[in-house]
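Structure data follow from final.cif (mmCIF, C-alpha atoms and all ligand atoms):
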```
data_model
loop_
_atom_site.label_atom_id
_atom_site.label_comp_id
_atom_site.auth_asym_id
_atom_site.auth_seq_id
_atom_site.Cartn_x
_atom_site.Cartn_y
_atom_site.Cartn_z
CA MET A 1 -60.14 -12.06 41.07
CA THR A 2 -58.49 -8.79 40.05
CA ALA A 3 -58.76 -7.95 36.36
CA PRO A 4 -56.28 -10.12 34.45
CA ILE A 5 -53.47 -8.73 32.31
CA VAL A 6 -52.36 -11.06 29.54
CA ARG A 7 -50.01 -10.81 26.64
CA PHE A 8 -49.64 -12.30 23.19
CA ALA A 9 -45.96 -12.41 22.30
CA PRO A 10 -45.32 -13.28 18.67
CA SER A 11 -41.96 -13.10 16.94
CA PRO A 12 -42.26 -10.94 13.83
CA THR A 13 -40.51 -13.35 11.50
CA GLY A 14 -43.37 -14.07 9.07
CA ARG A 15 -47.14 -13.93 8.86
CA ILE A 16 -49.12 -15.25 11.78
CA HIS A 17 -50.53 -18.71 11.20
CA VAL A 18 -53.55 -20.41 12.68
CA GLY A 19 -51.65 -21.79 15.69
CA ASN A 20 -50.52 -18.30 16.75
CA VAL A 21 -53.99 -16.91 16.16
CA ARG A 22 -55.45 -19.46 18.55
CA THR A 23 -52.98 -18.38 21.26
CA ALA A 24 -53.75 -14.71 20.61
CA LEU A 25 -57.47 -15.40 20.62
CA VAL A 26 -57.52 -17.37 23.87
CA ASN A 27 -55.57 -14.57 25.58
CA TRP A 28 -57.90 -11.98 24.10
CA LEU A 29 -61.11 -13.82 25.03
CA PHE A 30 -59.96 -14.40 28.57
CA ALA A 31 -59.03 -10.73 29.05
CA GLN A 32 -62.22 -9.50 27.42
CA GLY A 33 -64.46 -11.81 29.45
CA GLN A 34 -62.90 -10.63 32.73
CA ALA A 35 -62.67 -6.92 31.85
CA GLY A 36 -58.91 -7.38 31.75
CA LYS A 37 -56.14 -6.09 29.53
CA PHE A 38 -54.58 -7.63 26.42
CA VAL A 39 -51.00 -6.58 25.71
CA LEU A 40 -49.23 -7.19 22.42
CA ARG A 41 -45.54 -7.83 22.97
CA ILE A 42 -43.34 -8.00 19.92
CA ASP A 43 -40.63 -10.61 20.56
CA ASP A 44 -38.01 -9.19 18.23
CA THR A 45 -34.84 -9.91 20.19
CA ASP A 46 -33.66 -11.94 17.22
CA LEU A 47 -32.58 -8.95 15.21
CA GLU A 48 -31.63 -11.00 12.19
CA ARG A 49 -34.91 -12.82 11.69
CA SER A 50 -37.31 -10.12 12.88
CA THR A 51 -38.53 -7.52 10.40
CA LYS A 52 -40.58 -4.35 10.70
CA GLU A 53 -42.57 -5.49 7.69
CA SER A 54 -43.63 -8.69 9.47
CA GLU A 55 -44.52 -6.64 12.53
CA GLU A 56 -46.76 -4.32 10.49
CA ILE A 57 -48.45 -7.25 8.76
CA LEU A 58 -48.92 -8.99 12.09
CA LYS A 59 -50.61 -5.93 13.54
CA ALA A 60 -52.79 -5.56 10.44
CA ASP A 61 -53.80 -9.24 10.67
CA LEU A 62 -54.71 -8.93 14.36
CA THR A 63 -56.67 -5.76 13.65
CA TRP A 64 -58.52 -7.43 10.79
CA LEU A 65 -59.40 -10.27 13.15
CA GLY A 66 -60.67 -7.76 15.70
CA LEU A 67 -58.07 -8.78 18.31
CA THR A 68 -57.10 -5.29 19.38
CA TRP A 69 -54.59 -4.53 22.10
CA ALA A 70 -54.47 -2.03 24.94
CA GLU A 71 -50.69 -1.68 24.79
CA THR A 72 -47.84 -2.83 22.62
CA PHE A 73 -44.08 -2.73 22.93
CA ASN A 74 -41.00 -4.20 21.31
CA GLN A 75 -38.41 -6.25 23.12
CA SER A 76 -35.71 -4.87 20.84
CA GLU A 77 -36.04 -1.51 22.60
CA ARG A 78 -35.45 -3.01 26.01
CA PHE A 79 -31.99 -4.58 25.94
CA ALA A 80 -30.70 -2.24 28.68
CA ILE A 81 -33.46 -3.50 30.97
CA TYR A 82 -32.59 -7.12 30.26
CA ASP A 83 -28.92 -6.32 30.96
CA LYS A 84 -29.90 -5.05 34.41
CA ALA A 85 -31.91 -8.19 35.13
CA ALA A 86 -28.96 -10.33 34.00
CA ASP A 87 -26.66 -8.37 36.35
CA LYS A 88 -29.08 -8.98 39.17
CA LEU A 89 -29.09 -12.73 38.49
CA ARG A 90 -25.28 -12.72 38.30
CA ALA A 91 -25.09 -10.95 41.66
CA MET A 92 -27.39 -13.60 43.11
CA GLY A 93 -25.12 -16.34 41.78
CA LEU A 94 -27.87 -17.57 39.49
CA LEU A 95 -26.32 -16.73 36.12
CA TYR A 96 -22.95 -18.29 35.36
CA PRO A 97 -20.60 -18.22 32.39
CA ALA A 98 -19.95 -21.42 30.44
CA TYR A 99 -17.50 -21.87 27.60
CA GLU A 100 -18.31 -25.18 25.95
CA THR A 101 -18.68 -25.04 22.20
CA ALA A 102 -21.73 -26.52 20.49
CA GLU A 103 -19.58 -29.50 19.43
CA GLU A 104 -18.36 -30.10 22.98
CA LEU A 105 -21.89 -29.99 24.30
CA ASP A 106 -22.97 -32.44 21.65
CA VAL A 107 -20.25 -34.89 22.66
CA LYS A 108 -21.28 -34.54 26.32
CA ARG A 109 -24.89 -35.26 25.42
CA LYS A 110 -23.95 -38.35 23.46
CA ILE A 111 -21.76 -39.68 26.25
CA ALA A 112 -24.54 -39.16 28.81
CA GLN A 113 -27.01 -40.93 26.55
CA SER A 114 -24.68 -43.87 25.90
CA ARG A 115 -24.42 -44.30 29.67
CA GLY A 116 -28.19 -44.32 29.96
CA ARG A 117 -28.29 -40.91 31.62
CA PRO A 118 -30.53 -38.02 30.55
CA PRO A 119 -28.64 -35.53 28.34
CA VAL A 120 -28.53 -32.86 31.02
CA TYR A 121 -25.73 -30.29 31.11
CA ASP A 122 -23.18 -31.43 33.72
CA ARG A 123 -22.47 -27.95 35.10
CA ALA A 124 -18.75 -28.36 34.52
CA ALA A 125 -18.53 -24.57 34.09
CA LEU A 126 -19.54 -24.08 37.73
CA SER A 127 -16.25 -25.55 38.89
CA LEU A 128 -14.10 -23.25 36.78
CA THR A 129 -11.82 -21.00 38.82
CA ASP A 130 -11.26 -17.33 38.02
CA ALA A 131 -7.91 -18.32 36.54
CA ASP A 132 -9.57 -20.99 34.33
CA ARG A 133 -12.01 -18.43 33.01
CA ALA A 134 -9.32 -15.84 32.39
CA GLY A 135 -7.37 -18.47 30.47
CA LEU A 136 -10.35 -19.47 28.35
CA GLU A 137 -11.13 -15.87 27.53
CA ALA A 138 -7.50 -15.11 26.73
CA SER A 139 -7.67 -17.94 24.20
CA GLY A 140 -10.47 -16.02 22.47
CA LEU A 141 -13.48 -17.87 23.87
CA LYS A 142 -16.51 -15.88 24.90
CA PRO A 143 -18.91 -17.28 27.48
CA HIS A 144 -22.57 -18.00 27.10
CA TRP A 145 -24.56 -17.58 30.29
CA ARG A 146 -26.66 -20.21 31.98
CA PHE A 147 -29.33 -19.85 34.64
CA LYS A 148 -28.65 -22.06 37.66
CA LEU A 149 -31.75 -24.09 38.30
CA SER A 150 -32.51 -25.01 41.91
CA GLY A 151 -32.64 -28.74 41.31
CA ALA A 152 -35.95 -28.81 43.18
CA ARG A 153 -39.39 -29.48 41.74
CA VAL A 154 -41.27 -26.53 40.32
CA GLU A 155 -45.00 -26.91 40.69
CA TRP A 156 -47.95 -24.95 39.42
CA ASN A 157 -51.60 -25.50 38.81
CA ASP A 158 -51.97 -25.05 35.09
CA LEU A 159 -55.33 -23.60 34.08
CA VAL A 160 -55.55 -26.06 31.20
CA ARG A 161 -53.34 -29.00 32.18
CA GLY A 162 -54.04 -29.11 35.91
CA PRO A 163 -51.28 -29.74 38.48
CA GLN A 164 -47.84 -29.66 36.87
CA SER A 165 -44.51 -30.60 38.33
CA ILE A 166 -41.14 -30.18 36.67
CA ASP A 167 -38.08 -31.73 38.24
CA THR A 168 -35.46 -29.10 37.49
CA SER A 169 -32.67 -31.55 38.23
CA SER A 170 -33.69 -33.37 35.05
CA VAL A 171 -33.40 -30.26 32.89
CA SER A 172 -30.22 -28.50 31.68
CA ASP A 173 -29.53 -25.08 33.13
CA PRO A 174 -30.96 -22.96 30.32
CA VAL A 175 -28.72 -20.65 28.35
CA LEU A 176 -30.10 -17.12 28.75
CA ILE A 177 -27.41 -15.18 26.88
CA ARG A 178 -25.46 -16.41 23.86
CA GLU A 179 -21.73 -15.98 23.21
CA ASP A 180 -22.40 -12.89 21.11
CA GLY A 181 -24.31 -11.27 23.97
CA SER A 182 -27.73 -11.77 22.38
CA TYR A 183 -30.66 -12.91 24.51
CA LEU A 184 -32.61 -16.07 24.06
CA TYR A 185 -36.30 -15.68 24.64
CA THR A 186 -36.35 -17.02 28.23
CA LEU A 187 -35.12 -14.07 30.29
CA PRO A 188 -36.59 -11.10 28.36
CA SER A 189 -39.99 -12.75 28.49
CA VAL A 190 -39.88 -13.02 32.28
CA VAL A 191 -38.52 -9.49 32.74
CA ASP A 192 -41.31 -8.09 30.55
CA ASP A 193 -44.01 -10.16 32.18
CA ILE A 194 -42.96 -8.82 35.59
CA GLU A 195 -42.81 -5.23 34.39
CA ALA A 196 -46.15 -5.38 32.57
CA SER A 197 -47.72 -7.01 35.66
CA ILE A 198 -48.86 -9.97 33.58
CA THR A 199 -51.20 -12.05 35.71
CA HIS A 200 -51.64 -15.01 33.33
CA VAL A 201 -49.19 -16.48 30.83
CA VAL A 202 -51.26 -18.27 28.22
CA ARG A 203 -49.36 -20.10 25.48
CA GLY A 204 -48.82 -23.38 23.67
CA GLU A 205 -47.78 -26.53 25.50
CA ASP A 206 -44.43 -26.49 23.71
CA HIS A 207 -43.47 -24.02 26.46
CA VAL A 208 -44.29 -26.27 29.45
CA THR A 209 -40.64 -27.17 30.10
CA ASN A 210 -39.61 -23.52 29.73
CA SER A 211 -42.09 -22.75 32.45
CA GLY A 212 -40.07 -24.76 34.97
CA ALA A 213 -37.04 -22.50 34.43
CA GLN A 214 -39.08 -19.36 33.91
CA ILE A 215 -40.98 -19.79 37.17
CA GLU A 216 -37.64 -19.97 38.98
CA ILE A 217 -36.51 -16.79 37.20
CA PHE A 218 -39.81 -15.11 38.12
CA MET A 219 -39.22 -16.04 41.75
CA ALA A 220 -35.64 -14.74 41.64
CA LEU A 221 -36.50 -11.43 39.99
CA GLY A 222 -40.04 -10.70 41.04
CA GLY A 223 -40.83 -12.92 43.97
CA LYS A 224 -43.86 -14.50 42.32
CA ALA A 225 -44.83 -16.14 39.05
CA PRO A 226 -48.04 -15.45 37.13
CA GLU A 227 -50.72 -18.09 36.59
CA MET A 228 -49.93 -20.37 33.68
CA ALA A 229 -52.10 -21.94 30.99
CA HIS A 230 -50.56 -24.17 28.32
CA MET A 231 -52.79 -25.16 25.46
CA PRO A 232 -52.49 -28.40 23.50
CA LEU A 233 -51.07 -27.85 20.07
CA LEU A 234 -53.06 -28.03 16.88
CA VAL A 235 -52.78 -31.18 14.77
CA GLY A 236 -54.07 -31.99 11.29
CA ALA A 237 -57.50 -33.49 10.66
CA ASP A 238 -56.01 -37.00 10.59
CA GLY A 239 -54.39 -36.53 14.00
CA SER A 240 -50.87 -36.26 12.61
CA ALA A 241 -48.68 -33.26 13.30
CA LEU A 242 -50.20 -30.22 11.64
CA SER A 243 -49.18 -30.44 8.02
CA LYS A 244 -46.69 -27.94 6.74
CA ARG A 245 -49.37 -26.31 4.67
CA ILE A 246 -51.97 -25.87 7.39
CA GLY A 247 -49.38 -25.32 10.10
CA SER A 248 -48.18 -22.39 8.14
CA LEU A 249 -51.60 -21.34 6.90
CA SER A 250 -51.44 -17.63 7.50
CA VAL A 251 -54.25 -15.28 8.32
CA GLY A 252 -53.35 -13.42 5.15
CA GLN A 253 -53.85 -16.49 3.00
CA LEU A 254 -57.17 -17.31 4.63
CA ARG A 255 -58.33 -13.75 4.19
CA GLU A 256 -57.33 -13.79 0.53
CA GLN A 257 -59.26 -17.03 0.12
CA GLY A 258 -62.37 -15.23 1.34
CA ILE A 259 -62.50 -16.73 4.81
CA GLU A 260 -64.23 -14.38 7.25
CA ALA A 261 -62.45 -13.22 10.39
CA MET A 262 -65.38 -14.50 12.46
CA ALA A 263 -65.14 -17.94 10.82
CA ILE A 264 -61.49 -18.19 11.86
CA LEU A 265 -62.28 -16.93 15.36
CA SER A 266 -65.43 -19.02 15.86
CA TYR A 267 -63.50 -22.09 14.77
CA LEU A 268 -60.33 -21.51 16.77
CA ALA A 269 -62.19 -20.45 19.93
CA LYS A 270 -64.05 -23.74 20.11
CA LEU A 271 -61.60 -26.17 18.56
CA GLY A 272 -60.50 -28.69 21.19
CA THR A 273 -63.03 -27.45 23.75
CA SER A 274 -66.17 -29.05 25.17
CA ASP A 275 -68.35 -26.51 23.31
CA ASN A 276 -69.82 -27.24 19.89
CA ILE A 277 -68.22 -25.50 16.96
CA GLU A 278 -70.83 -23.07 15.68
CA PRO A 279 -70.65 -19.75 13.91
CA ARG A 280 -70.66 -16.67 16.13
CA SER A 281 -71.00 -13.17 14.79
CA SER A 282 -68.83 -11.31 17.30
CA VAL A 283 -65.76 -11.81 19.46
CA THR A 284 -67.75 -10.48 22.40
CA GLU A 285 -70.08 -13.48 22.11
CA LEU A 286 -67.09 -15.80 22.04
CA ALA A 287 -65.63 -14.05 25.09
CA ALA A 288 -68.83 -14.61 27.06
CA GLU A 289 -68.59 -18.34 26.31
CA PHE A 290 -64.89 -18.70 27.05
CA SER A 291 -63.50 -20.65 29.99
CA PHE A 292 -60.13 -22.36 30.47
CA SER A 293 -62.01 -25.27 32.02
CA LYS A 294 -63.60 -26.03 28.63
CA ILE A 295 -60.25 -26.57 26.91
CA GLY A 296 -59.41 -30.27 26.59
CA ARG A 297 -55.95 -31.74 27.01
CA ALA A 298 -55.91 -33.68 23.77
CA PRO A 299 -54.39 -32.05 20.71
CA ALA A 300 -56.97 -30.05 18.79
CA ARG A 301 -57.63 -31.26 15.24
CA PHE A 302 -57.63 -28.51 12.70
CA ASP A 303 -59.75 -29.41 9.70
CA GLU A 304 -59.85 -26.89 6.89
CA ALA A 305 -63.16 -28.36 5.66
CA ASP A 306 -64.79 -27.48 9.00
CA LEU A 307 -63.49 -23.95 8.70
CA GLU A 308 -64.96 -23.71 5.19
CA ASN A 309 -68.33 -24.94 6.43
CA LEU A 310 -68.35 -22.46 9.26
CA ASN A 311 -67.46 -19.73 6.81
CA ALA A 312 -70.34 -20.70 4.50
CA ALA A 313 -72.76 -20.70 7.45
CA LEU A 314 -71.65 -17.17 8.37
CA VAL A 315 -71.98 -15.93 4.81
CA HIS A 316 -75.45 -17.48 4.44
CA ALA A 317 -76.68 -15.38 7.36
CA MET A 318 -74.56 -12.27 6.80
CA PRO A 319 -76.47 -8.99 7.00
CA PHE A 320 -76.17 -6.75 3.95
CA ALA A 321 -74.41 -4.00 5.92
CA GLU A 322 -71.55 -6.36 6.68
CA ALA A 323 -71.11 -7.54 3.11
CA GLN A 324 -71.79 -4.20 1.41
CA ALA A 325 -68.29 -2.74 1.21
CA ARG A 326 -67.02 -5.87 -0.50
CA LEU A 327 -70.07 -6.23 -2.74
CA LYS A 328 -69.40 -2.74 -4.08
CA ASP A 329 -65.93 -3.85 -5.15
CA ILE A 330 -67.26 -7.02 -6.72
CA ASP A 331 -69.73 -5.32 -9.05
CA PRO A 332 -71.51 -1.97 -8.77
CA HIS A 333 -74.85 -3.78 -9.29
CA ALA A 334 -74.13 -6.10 -6.37
CA ASP A 335 -74.39 -3.17 -3.96
CA ASN A 336 -78.05 -4.00 -3.58
CA GLU A 337 -79.68 -5.42 -0.46
CA ALA A 338 -82.35 -7.45 -2.26
CA PHE A 339 -79.63 -9.00 -4.43
CA TRP A 340 -77.47 -9.94 -1.43
CA LEU A 341 -80.39 -11.41 0.50
CA ALA A 342 -81.37 -13.43 -2.57
CA VAL A 343 -77.93 -14.89 -3.28
CA ARG A 344 -76.15 -15.15 0.08
CA GLU A 345 -77.37 -18.68 0.76
CA ASN A 346 -75.75 -19.74 -2.49
CA CYS A 347 -72.39 -18.23 -1.51
CA ALA A 348 -69.71 -20.06 0.45
CA ARG A 349 -67.69 -16.82 0.39
CA VAL A 350 -68.80 -13.24 -0.13
CA SER A 351 -66.79 -13.18 -3.37
CA ASP A 352 -69.06 -15.89 -4.81
CA ALA A 353 -71.60 -13.08 -5.22
CA ALA A 354 -69.59 -12.02 -8.29
CA ASN A 355 -70.88 -14.99 -10.27
CA TRP A 356 -74.43 -14.34 -9.19
CA ALA A 357 -74.08 -10.67 -10.12
CA GLN A 358 -73.09 -11.83 -13.60
CA THR A 359 -76.03 -14.20 -13.67
CA VAL A 360 -78.54 -11.61 -12.56
CA PHE A 361 -77.23 -8.34 -13.97
CA GLY A 362 -74.95 -9.53 -16.77
CA ALA A 363 -75.71 -11.50 -19.88
CA PRO A 364 -75.61 -15.23 -19.13
CA SER A 365 -76.30 -17.50 -22.06
CA PRO A 366 -79.76 -18.99 -21.75
CA ASP A 367 -79.80 -22.78 -21.61
CA ILE A 368 -82.87 -23.98 -23.51
CA ALA A 369 -83.31 -27.68 -24.35
CA ALA A 370 -84.87 -28.56 -27.70
CA GLU A 371 -87.99 -29.99 -26.05
CA ASP A 372 -88.52 -26.76 -24.09
CA LYS A 373 -88.12 -24.32 -26.99
CA ASP A 374 -91.84 -23.81 -27.63
CA PHE A 375 -92.66 -23.62 -23.94
CA ILE A 376 -90.04 -20.91 -23.37
CA ALA A 377 -91.03 -19.02 -26.52
CA GLY A 378 -94.63 -18.91 -25.29
CA ALA A 379 -93.76 -18.07 -21.68
CA ALA A 380 -93.23 -14.35 -22.23
CA ALA A 381 -96.88 -13.89 -23.13
CA HIS A 382 -97.91 -14.94 -19.61
CA LEU A 383 -95.48 -12.68 -17.73
CA PRO A 384 -97.46 -10.50 -15.30
CA ALA A 385 -97.86 -6.94 -16.56
CA GLY A 386 -95.80 -4.04 -15.25
CA GLU A 387 -92.63 -4.03 -13.11
CA LEU A 388 -91.71 -7.49 -11.86
CA THR A 389 -91.83 -8.01 -8.10
CA THR A 390 -91.03 -10.94 -5.81
CA ALA A 391 -94.68 -12.02 -6.21
CA SER A 392 -94.41 -12.17 -10.01
CA TRP A 393 -92.76 -15.60 -10.17
CA SER A 394 -95.65 -17.48 -8.59
CA GLU A 395 -98.20 -15.49 -10.58
CA TRP A 396 -96.32 -16.26 -13.77
CA THR A 397 -95.74 -19.97 -13.11
CA ASN A 398 -99.39 -20.42 -12.05
CA ALA A 399 -100.51 -18.88 -15.32
CA LEU A 400 -98.07 -21.09 -17.25
CA LYS A 401 -99.25 -24.18 -15.41
CA ALA A 402 -102.85 -23.41 -16.32
CA ALA A 403 -101.93 -22.68 -19.94
CA THR A 404 -99.57 -25.60 -20.61
CA GLY A 405 -100.38 -28.28 -18.06
CA ARG A 406 -96.69 -28.37 -17.04
CA LYS A 407 -95.93 -28.70 -13.36
CA GLY A 408 -93.12 -29.28 -10.88
CA LYS A 409 -89.66 -29.64 -12.31
CA GLY A 410 -90.92 -29.67 -15.89
CA LEU A 411 -92.39 -26.23 -15.31
CA PHE A 412 -89.72 -24.55 -13.18
CA MET A 413 -86.44 -25.97 -14.48
CA PRO A 414 -86.71 -24.79 -18.12
CA LEU A 415 -87.55 -21.29 -16.87
CA ARG A 416 -84.62 -21.24 -14.44
CA LYS A 417 -82.25 -22.51 -17.13
CA ALA A 418 -83.51 -20.02 -19.70
CA LEU A 419 -83.21 -17.09 -17.31
CA THR A 420 -79.99 -17.95 -15.51
CA GLY A 421 -78.25 -20.52 -17.70
CA MET A 422 -78.03 -22.78 -14.63
CA GLU A 423 -79.89 -25.65 -12.97
CA HIS A 424 -79.34 -24.43 -9.44
CA GLY A 425 -79.32 -21.10 -7.79
CA PRO A 426 -81.14 -18.62 -5.61
CA ASP A 427 -84.87 -18.42 -5.17
CA MET A 428 -86.42 -17.59 -8.57
CA GLY A 429 -88.98 -15.21 -7.05
CA ALA A 430 -86.19 -12.91 -5.96
CA VAL A 431 -84.10 -13.51 -9.06
CA LEU A 432 -86.94 -12.72 -11.49
CA ALA A 433 -87.60 -9.37 -9.84
CA LEU A 434 -83.89 -8.53 -9.79
CA ILE A 435 -83.36 -9.39 -13.46
CA GLY A 436 -86.24 -7.08 -14.34
CA ARG A 437 -88.76 -7.15 -17.13
CA ALA A 438 -86.61 -6.02 -20.05
CA LYS A 439 -83.85 -8.57 -19.45
CA VAL A 440 -86.30 -11.37 -18.70
CA LEU A 441 -87.93 -10.80 -22.09
CA GLU A 442 -84.52 -10.72 -23.76
CA ARG A 443 -83.47 -14.00 -22.18
CA LEU A 444 -86.71 -15.74 -23.12
CA GLY A 445 -85.76 -14.93 -26.72
N1 LIG A 501 -42.22 -15.40 21.38
C1 LIG A 501 -42.57 -16.60 22.08
C2 LIG A 501 -43.17 -17.58 21.10
O1 LIG A 501 -43.70 -17.14 20.09
C3 LIG A 501 -43.53 -16.29 23.19
C4 LIG A 501 -43.86 -17.43 24.08
C5 LIG A 501 -44.65 -16.97 25.30
O2 LIG A 501 -45.83 -16.68 25.13
O3 LIG A 501 -44.08 -16.87 26.37
O4 LIG A 501 -43.08 -18.77 21.27
#
```
Let me see the structure of the file written as C-alpha cells.
Amino acid sequence: MTAPIVRFAPSPTGRIHVGNVRTALVNWLFAQGQAGKFVLRIDDTDLERSTKESEEILKADLTWLGLTWAETFNQSERFAIYDKAADKLRAMGLLYPAYETAEELDVKRKIAQSRGRPPVYDRAALSLTDADRAGLEASGLKPHWRFKLSGARVEWNDLVRGPQSIDTSSVSDPVLIREDGSYLYTLPSVVDDIEASITHVVRGEDHVTNSGAQIEIFMALGGKAPEMAHMPLLVGADGSALSKRIGSLSVGQLREQGIEAMAILSYLAKLGTSDNIEPRSSVTELAAEFSFSKIGRAPARFDEADLENLNAALVHAMPFAEAQARLKDIDPHADNEAFWLAVRENCARVSDAANWAQTVFGAPSPDIAAEDKDFIAGAAAHLPAGELTTASWSEWTNALKAATGRKGKGLFMPLRKALTGMEHGPDMGAVLALIGRAKVLERLG
C-alpha cells in the first residue's frame, strides 16, 4: 500500500468535543502507523457560523492532544475552485437548477409519504424548459443546484462496516449549492479530497448516505473515489444517544478538569474496539496498536467514569518530568521529585497534588484523639536523631512499638493523623522525610 493521506475536517463553529476527537484520532493513528500524512482541513464554508476564534482554539486543542498535522487549509479560501468544479458538473449535465421553495419541497415530501412512497425529490426541475426557468427567474426566484444521481447502486468496501451498497434511486439528488450561491459541505469536500490526494476518508457513520452521492461526484470529477471508513457513533454509558452534556464535552472542558491528553486519547483509541481499554503513555504506542479491523460496528459507549479511571491510572504512574511544569504552578514546594513520587498514587489528577503539598509543606491541623494524647506527646522523644530520611519511619515506629507496646493500626494511625490531619494518604516513610524534622516536632505538639 502506498502511504495513506487522510484528513480531519472539522467545522470551526465551537470547541471540539469527544466525538470529533475520536474521528481526528483515528485518522491520525492510521496515518502515523502507515507513515502517511494527516491533513487538517478547516470546513468553514458556512461563513456565518464559522469563526477564526473557534479555529484557533481547535488548533490549540489538537496541538495539546498531540494530534499534529502536516498541512492545513481553509475551505473559505477556495470558493473559486469550487465554482470551477460546479461548472464542470454543469457542463456534464450533472448539476441542475431547481426552484422549489422549502415549503413546496415539504409539501412534496408529505404527499409522497402519504402515498407510501419514500420522500425522494421527484426531479420536477429536470423537465423545466429554458423558457420555464427564465420565467421563474424573472419572478425573482433564484435556483438552488442539485447533483443528478445515477440511479444505480453505489458500492464500496468500507474499512469498518464492510461491503456497503447505496441505491441512489432511493435518495434525493443532493443540493450542492443553495439559492444564495453558498456551498453545502458535499461538493467542496470532494473537490478538496481530490486535490489533496486523500486516499482514505475516515469519518462518522452519519456520513454513510452522503458517501453514496459523494462517490458519484468523485467519479465525475476525479475518476476514482478514495477508500472509506465510517465509524459507529458514540453513545452514552447507558446506550442512549450521547447525552447533551457528554456529546458536547469539549477538549477544553476536560483539560480544565485535569484530564490528561493521553487519558482522552487512550480511551478514545480503544473505545468500541476489540482491544482492552488501558492507559498508554504516547500516541505512537496507540498508533502501533491501531487497525480498522479492530473497530466494532456497534455504537461505542462513552463512560466518563472510565475516562476518570484511566486518567487516575496515568497520573499514578506519571514520571516527575511530565508533571513538573504543572507542579511548579501548584506550589513552589511541589516542584520536588520525592514529593511527586510519594503522592502521585493518591492523585486522580495532577492538580490533586495541591492538597498534598498543603499537607506536607503547609500547616495542616493535627488530628489527635483524646486517648492518643499521651502517646503522641511521648512520640517525639523516640524520633531518630538527625535529618529524617525515608528509613526514619520504620526506625521510629519500631522504637515506639518497643516503648509502648502499641502495634498495627493503634500505632500507625495516631501518628498519621497527628502529622497529616488525615486517616489516609501517601506512604508515611516518604511523607515523614518530606515534612522534615522541625515540622514533625511542631505537629507532635
Ligand atoms: N465538516 C464535516 C463534518 O464535520 C466533514 C465530514 C467529512 O469528514 O467528510 O461533518
(message) Using all atoms listed in the file, which residues of the polymer chains come no farther than 8 Å from ligand LIG 501 (chain A)? I'd like the answer as a list in words.
(response) Arg7, Phe8, Ala9, Pro10, Ser11, Asn20, Ile42, Asp43, Tyr185, Thr186, Ser189, Val201, Val202, Arg203, Gly204 and His207 of chain A
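Minimum distance to Leu434 of chain A across A:Asn336, A:Ala237, A:Leu400, A:Arg344 (counting all atoms listed in the file) occurs at A:Asn336.
In this model, the gap between atom CA of Thr68 of chain A and atom CA of Glu55 of chain A comes to 14.4 Å.
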Which neighbours of segment 386-389 of chain A fall inside 12 Å, counting all atoms listed in the file, when residues of the same chain fewer than 4 positions from it are skipped, and could you give them as a short mmCIF file (atom, residue, chain, number, x, y, z; two decimals) with C-alpha atoms, keeping the file's coordinate frame?
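Output file out09.cif is given in full below:
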```
data_model
loop_
_atom_site.label_atom_id
_atom_site.label_comp_id
_atom_site.auth_asym_id
_atom_site.auth_seq_id
_atom_site.Cartn_x
_atom_site.Cartn_y
_atom_site.Cartn_z
CA ALA A 338 -82.35 -7.45 -2.26
CA HIS A 382 -97.91 -14.94 -19.61
CA TRP A 393 -92.76 -15.60 -10.17
CA SER A 394 -95.65 -17.48 -8.59
CA GLU A 395 -98.20 -15.49 -10.58
CA TRP A 396 -96.32 -16.26 -13.77
CA MET A 428 -86.42 -17.59 -8.57
CA GLY A 429 -88.98 -15.21 -7.05
CA ALA A 430 -86.19 -12.91 -5.96
CA VAL A 431 -84.10 -13.51 -9.06
CA LEU A 432 -86.94 -12.72 -11.49
CA ALA A 433 -87.60 -9.37 -9.84
CA LEU A 434 -83.89 -8.53 -9.79
CA ILE A 435 -83.36 -9.39 -13.46
CA GLY A 436 -86.24 -7.08 -14.34
CA ARG A 437 -88.76 -7.15 -17.13
CA ALA A 438 -86.61 -6.02 -20.05
CA LYS A 439 -83.85 -8.57 -19.45
CA VAL A 440 -86.30 -11.37 -18.70
CA LEU A 441 -87.93 -10.80 -22.09
#
```
(message) Under the rule that only C-alpha atoms are counted, which of A:Ala317, A:Leu383, A:Leu419, A:Leu159 is the nearest residue to Ala363 of chain A?
(response) A:Leu419
